[in-house]
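Student: The following block contains the structure, expressed as structure tokens.
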Amino acid sequence: MTASHHAFFRESALAHAYCRGKGLEIGGAAHNPFGLDALNVDMSDRLDTEFKLEEIKICGTALAVDVVAPGDDIPLPDGSQDFVVSSHVLEHFPDPVKALLEWDRLLRPGGIIFAIVPHKERTMDRDQPRTTLTHMVDDFIGAAEGDFIGHYHFWITEDLLELVLWMIETLEMTWKIEAIADADDKVGNGFTIVVRKLADRRADEGVEQLRQRAARSGRTVNAGPGSPARRWYEVLELQKLPFVPNEHHEAFPSLKELIESLREEPISAPLALKAGEFCFNLGITRNAVHFFERAATLAPGNGDPYNNLGVISYQRGDRAEALEYFARAVSIDPGNENARKNLAALTTFTGR
């Protein structure tokens with residue numbers, strides 16, 4: 001980054017829509033700001049830890065830590081928060097059920113749990129096996145422990161949705177799923193789940209009592225016709241269609257046909273760049289790459305196509321390829337501010 005305090009990731013519009021009042025951010029970082037009225041909870045306030053040193057390298061500063069505590073054992077009163085927000089944190093907990101129960105404890109009725117979680121198919125974890133519901137329930141029953149350094153869980157959106165539904169059904173959590181997004185609007189390689197707490201748990205529903213209930217219960221979710229689970233799975237399937245307004249879904253086959261025909265036609269560099277951006281916004285990544293590559297060939301002095309290809313590579317989890325694209329964009333177009341910032345940020349992030 002060229003600026004000393006450059007935020008590498010944008011704020012989340014979805015978080016601003018749901019996270020009102022005062023709350024907590026678990027494991028916040030200066031390069032990935034939410035811009036909310038939140039205290040930052042972290043296991044350490046030292047600046048020489050691996051994560052803080054990386055944060056400082058990326059954007060020149062580190063987000064101050066307000067509460068020094070593990071994210072699943074926070075020394076604050078019950079019902080004291082309006083929201084708990086996290087980004088790329090939940091997968092680090094050996095026992096994510098315990099973490100979610102702790103966040104629930106801290107919330108007032110009506111409060112929000114807002115979690116962005118990496119989607120394993122869009123990151124370097126794509127070859128890892130998906131963490132099953134049975135695995136997570138067993139971790140909860142067995143009170144799994146660990147050091148919070150690596151990833152303990154590897155999810156696609158349906159996996160965490162299934163866990164939340166299991167907690168509602170089996171642990172009788174008084175939660176309402178407010179929103180789920182298969183593609184998050186912040187880092188870009190994850191998904192988002194938003195849960196509202198409707199009421200406090202009873203006094204006899206502490207973590208240990210809920211562990212006992214889990215041990216007596218099954219490890220499945222009712223996903224039959226008409227069930228809440230089935231409805232949310234259908235919402236996810238709709239989201240996986242290319243991103244266009246719902247009322248235009250019926251027109252999408254025609255759009256795809258138009259795009260496919262445009263691939264075979266002579267095209268100018270500006271039009272190829274626009275076509276690539278159009279395809280990228282629709283979620284048609286294959287065609288976006290095609291048009292950006294054509295734009296790069298047609299306008300060899302323009303760094304925008306290579307910068308856009310770098311963004312796609314980064315979202316796919318291929319940082320090495322992203323670095324190559326950003327470097328090429330800067331080498332042919334030194335004045336390209338977006339490419340320069342992306343190259344500097346990613347170079348610092350990867351230590352190259």
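Chains: A, B, ... in order of the structure tokens. Residues: from 1 per chain. Ligands: from 1, in order shown.
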Identify, on the basis of only C-alpha atoms, every residue whose closest approach to Asp185 (chain A) does not exceed 9 Å; exclude the query and any residue fewer than 2 positions from it along the same chain; express the result as a list in words.
Tutor: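 Counting only C-alpha atoms, the residues come to Arg10, Glu11, Ser12, Ala13, Leu14, Ala181, Ala183, Val187, Gly188, Gly190, Phe191 and Thr192 of chain A.
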Student: Could you write out that same residue set with C-alpha atoms as a PDB file, in the first residue's frame?
Tutor:
```pdb
ATOM      1  CA  ARG A  10     -13.714  -2.664   2.307  1.00  0.00           C
ATOM      2  CA  GLU A  11     -16.329  -2.312   5.032  1.00  0.00           C
ATOM      3  CA  SER A  12     -19.386  -4.558   4.883  1.00  0.00           C
ATOM      4  CA  ALA A  13     -22.692  -2.944   3.925  1.00  0.00           C
ATOM      5  CA  LEU A  14     -24.484  -5.980   5.354  1.00  0.00           C
ATOM      6  CA  ALA A 181     -24.796 -14.727   1.868  1.00  0.00           C
ATOM      7  CA  ALA A 183     -20.421 -14.647  -1.115  1.00  0.00           C
ATOM      8  CA  VAL A 187     -13.016  -9.966   1.983  1.00  0.00           C
ATOM      9  CA  GLY A 188     -14.729 -11.664  -0.956  1.00  0.00           C
ATOM     10  CA  GLY A 190     -15.985 -16.206   2.267  1.00  0.00           C
ATOM     11  CA  PHE A 191     -19.638 -16.366   3.204  1.00  0.00           C
ATOM     12  CA  THR A 192     -21.725 -14.544   5.802  1.00  0.00           C
TER      13      THR A 192
END
```
Student: Write out as JSON, numbers by chain the set of residues from region 68-195 of chain A that DSSP, computed on the backbone, places in helix (DSSP H, G or I).
Tutor: {"A": [90, 91, 92, 96, 97, 98, 99, 100, 101, 102, 103, 104, 105, 106, 120, 121, 122, 133, 134, 135, 136, 137, 138, 139, 140, 141, 157, 158, 159, 160, 161, 162, 163, 164, 165, 166, 167, 168, 169]}
Student: Could you check how far CA of Ala327 (chain A) sits from CA of Lys341 (chain A), in Å to one decimal?
Tutor: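 Going from CA of Ala327 (chain A) over to CA of Lys341 (chain A), I get 10.6 Å.
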Student: Output as a PyMOL selection string all residues of region 123-340 of chain A that backbone DSSP marks as strand (DSSP E).
Tutor: chain A and resi 175-181+190-197
Student: Between A:Lys186, A:Arg46, A:Lys98, A:Lys120, single out the one closest to His16 (chain A), counting only C-alpha atoms.
Tutor: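 Nearest candidate to His16 (chain A) out of A:Lys186, A:Arg46, A:Lys98, A:Lys120: A:Lys186.
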Student: Which neighbours of Tyr18 (chain A) fall inside 10 Å, counting only C-alpha atoms, when residues of the same chain fewer than 2 positions from it are skipped, and could you give them as a list in words?
Tutor: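 My list of contacting residues is Ala13, Leu14, Ala15, His16, Arg20, Gly21, Asp82, Phe83, Gly111, Ile112, Ile113, Phe114, Glu178, Ala179, Val194, Val195 and Arg196 of chain A.
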Student: Those same residues, written as a PDB file, in the first residue's frame with C-alpha atoms?
Tutor:
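So the final result, stored in again_16.pdb, reads:
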```
ATOM      1  CA  ALA A  13     -22.692  -2.944   3.925  1.00  0.00           C
ATOM      2  CA  LEU A  14     -24.484  -5.980   5.354  1.00  0.00           C
ATOM      3  CA  ALA A  15     -22.750  -5.502   8.704  1.00  0.00           C
ATOM      4  CA  HIS A  16     -23.767  -1.844   8.801  1.00  0.00           C
ATOM      5  CA  ARG A  20     -26.469  -1.224  15.271  1.00  0.00           C
ATOM      6  CA  GLY A  21     -25.612   0.163  18.692  1.00  0.00           C
ATOM      7  CA  ASP A  82     -25.935  -5.222  20.779  1.00  0.00           C
ATOM      8  CA  PHE A  83     -23.847  -7.293  18.368  1.00  0.00           C
ATOM      9  CA  GLY A 111     -28.776  -8.664  19.386  1.00  0.00           C
ATOM     10  CA  ILE A 112     -26.892  -9.896  16.336  1.00  0.00           C
ATOM     11  CA  ILE A 113     -24.192 -12.487  15.697  1.00  0.00           C
ATOM     12  CA  PHE A 114     -22.544 -11.490  12.406  1.00  0.00           C
ATOM     13  CA  GLU A 178     -31.742 -13.037   9.520  1.00  0.00           C
ATOM     14  CA  ALA A 179     -29.558 -13.390   6.450  1.00  0.00           C
ATOM     15  CA  VAL A 194     -26.400 -13.274  10.407  1.00  0.00           C
ATOM     16  CA  VAL A 195     -28.291 -14.580  13.451  1.00  0.00           C
ATOM     17  CA  ARG A 196     -30.571 -12.610  15.773  1.00  0.00           C
TER      18      ARG A 196
END
```
Student: Select, from A:Gly79, A:Gly335, A:Gly303, A:Pro33, the residue with the minimum atom-to-atom distance to Pro109 (chain A), counting only C-alpha atoms.
Tutor: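 Closest candidate: A:Gly79.
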Student: Using Å and a single decimal, report how far CA of Leu76 (chain A) sits from CA of Leu39 (chain A).
Tutor: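 So the two atoms, CA of Leu39 (chain A) and CA of Leu76 (chain A), lie 11.3 Å apart.
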Student: Please identify all polymer residues within 8 Å of region 86-89 of chain A, counting only C-alpha atoms, omitting same-chain residues fewer than 2 positions from it, and present them as a list of chain:residue names.
Tutor: A:Glu25, A:Ile26, A:Gly27, A:Gly28, A:Val84, A:Glu91, A:His92, A:Phe93, A:Phe114, A:Ala115, A:Ile116, A:Val117, A:Pro118
Student: So that I have them on file, write out the residues from the current selection with C-alpha atoms, as a short mmCIF file (atom, residue, chain, number, x, y, z; two decimals), in the first residue's frame.
Tutor:
```cif
data_model
loop_
_atom_site.label_atom_id
_atom_site.label_comp_id
_atom_site.auth_asym_id
_atom_site.auth_seq_id
_atom_site.Cartn_x
_atom_site.Cartn_y
_atom_site.Cartn_z
CA GLU A 25 -15.47 -7.41 17.22
CA ILE A 26 -13.63 -10.67 17.77
CA GLY A 27 -10.06 -10.56 16.49
CA GLY A 28 -10.35 -7.23 14.68
CA VAL A 84 -20.83 -9.55 18.05
CA GLU A 91 -12.84 -21.38 11.95
CA HIS A 92 -9.94 -20.91 14.41
CA PHE A 93 -11.95 -22.06 17.43
CA PHE A 114 -22.54 -11.49 12.41
CA ALA A 115 -19.90 -13.89 11.11
CA ILE A 116 -17.90 -13.85 7.88
CA VAL A 117 -16.19 -17.19 7.40
CA PRO A 118 -13.79 -18.35 4.65
#
```
Student: Would you mind telling me which residue in A:Arg286, A:Lys52, A:Arg231, A:Arg202 lies nearest to Ile259 (chain A) when using only C-alpha atoms?
Tutor: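 Ranking A:Arg286, A:Lys52, A:Arg231, A:Arg202 by distance to Ile259 (chain A), first place goes to A:Arg286.
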Student: Residues within 12 Å of Pro77 (chain A), please, as a ChimeraX atom specification. Count only C-alpha atoms; anything in the same chain fewer than 6 positions from it doesn't count.
Tutor: /A:102-108
Student: Set out as JSON lines a contact list for region 14-83 of chain A and region 147-171 of chain A with a cut-off of 12 Å, giving each residue of region 14-83 of chain A that qualifies its closest atom pair and distance in Å to one decimal, counting only C-alpha atoms, ordered by chain and rising residue number.
Tutor:
```
{"residue": "A:Gly27", "atom": "CA", "partner": "A:Phe148", "partner_atom": "CA", "distance": 11.0}
{"residue": "A:Asp42", "atom": "CA", "partner": "A:Phe148", "partner_atom": "CA", "distance": 11.1}
{"residue": "A:Met43", "atom": "CA", "partner": "A:Phe148", "partner_atom": "CA", "distance": 9.4}
{"residue": "A:Thr49", "atom": "CA", "partner": "A:Ile149", "partner_atom": "CA", "distance": 11.2}
{"residue": "A:Glu50", "atom": "CA", "partner": "A:Ile149", "partner_atom": "CA", "distance": 9.6}
{"residue": "A:Phe51", "atom": "CA", "partner": "A:Ile149", "partner_atom": "CA", "distance": 9.4}
{"residue": "A:Pro70", "atom": "CA", "partner": "A:Phe148", "partner_atom": "CA", "distance": 8.9}
{"residue": "A:Gly71", "atom": "CA", "partner": "A:Phe148", "partner_atom": "CA", "distance": 9.6}
{"residue": "A:Asp72", "atom": "CA", "partner": "A:Phe148", "partner_atom": "CA", "distance": 10.5}
```
Student: Could you dump the residues just selected with N, CA and C atoms as a short mmCIF file (atom, residue, chain, number, x, y, z; two decimals), in the first residue's frame?
Tutor:
```cif
data_model
loop_
_atom_site.label_atom_id
_atom_site.label_comp_id
_atom_site.auth_asym_id
_atom_site.auth_seq_id
_atom_site.Cartn_x
_atom_site.Cartn_y
_atom_site.Cartn_z
N GLY A 27 -11.25 -10.47 17.32
CA GLY A 27 -10.06 -10.56 16.49
C GLY A 27 -10.01 -9.52 15.38
N ASP A 42 -9.28 -9.53 21.74
CA ASP A 42 -8.18 -10.34 21.22
C ASP A 42 -7.49 -11.03 22.38
N MET A 43 -6.82 -12.14 22.07
CA MET A 43 -6.14 -12.90 23.12
C MET A 43 -4.94 -12.16 23.70
N THR A 49 3.20 -10.14 18.32
CA THR A 49 2.69 -11.47 17.96
C THR A 49 2.70 -11.62 16.44
N GLU A 50 2.61 -12.85 15.99
CA GLU A 50 2.64 -13.12 14.54
C GLU A 50 1.56 -12.35 13.80
N PHE A 51 0.34 -12.34 14.36
CA PHE A 51 -0.77 -11.70 13.67
C PHE A 51 -0.63 -10.18 13.67
N PRO A 70 -9.72 -14.66 25.36
CA PRO A 70 -10.08 -15.54 24.25
C PRO A 70 -11.48 -15.20 23.76
N GLY A 71 -11.71 -15.38 22.48
CA GLY A 71 -13.00 -15.02 21.91
C GLY A 71 -14.14 -15.90 22.31
N ASP A 72 -13.86 -17.00 23.01
CA ASP A 72 -14.93 -17.87 23.50
C ASP A 72 -15.04 -17.84 25.02
#
```
Student: Would you pick out the contacts of Ala143 (chain A) at 10 Å or less, using only C-alpha atoms, so that residues sharing its chain but fewer than 6 positions from it are not included, and give the list as a ChimeraX atom specification?
Tutor: /A:94-95,97-98,137,207-208,211
Student: So which one's closest to Leu198 (chain A), A:Glu172, A:Asp125, A:Asp333, A:Asp182? Using only C-alpha atoms, please.
Tutor: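 Counting only C-alpha atoms, the residue closest to Leu198 (chain A) is A:Glu172.
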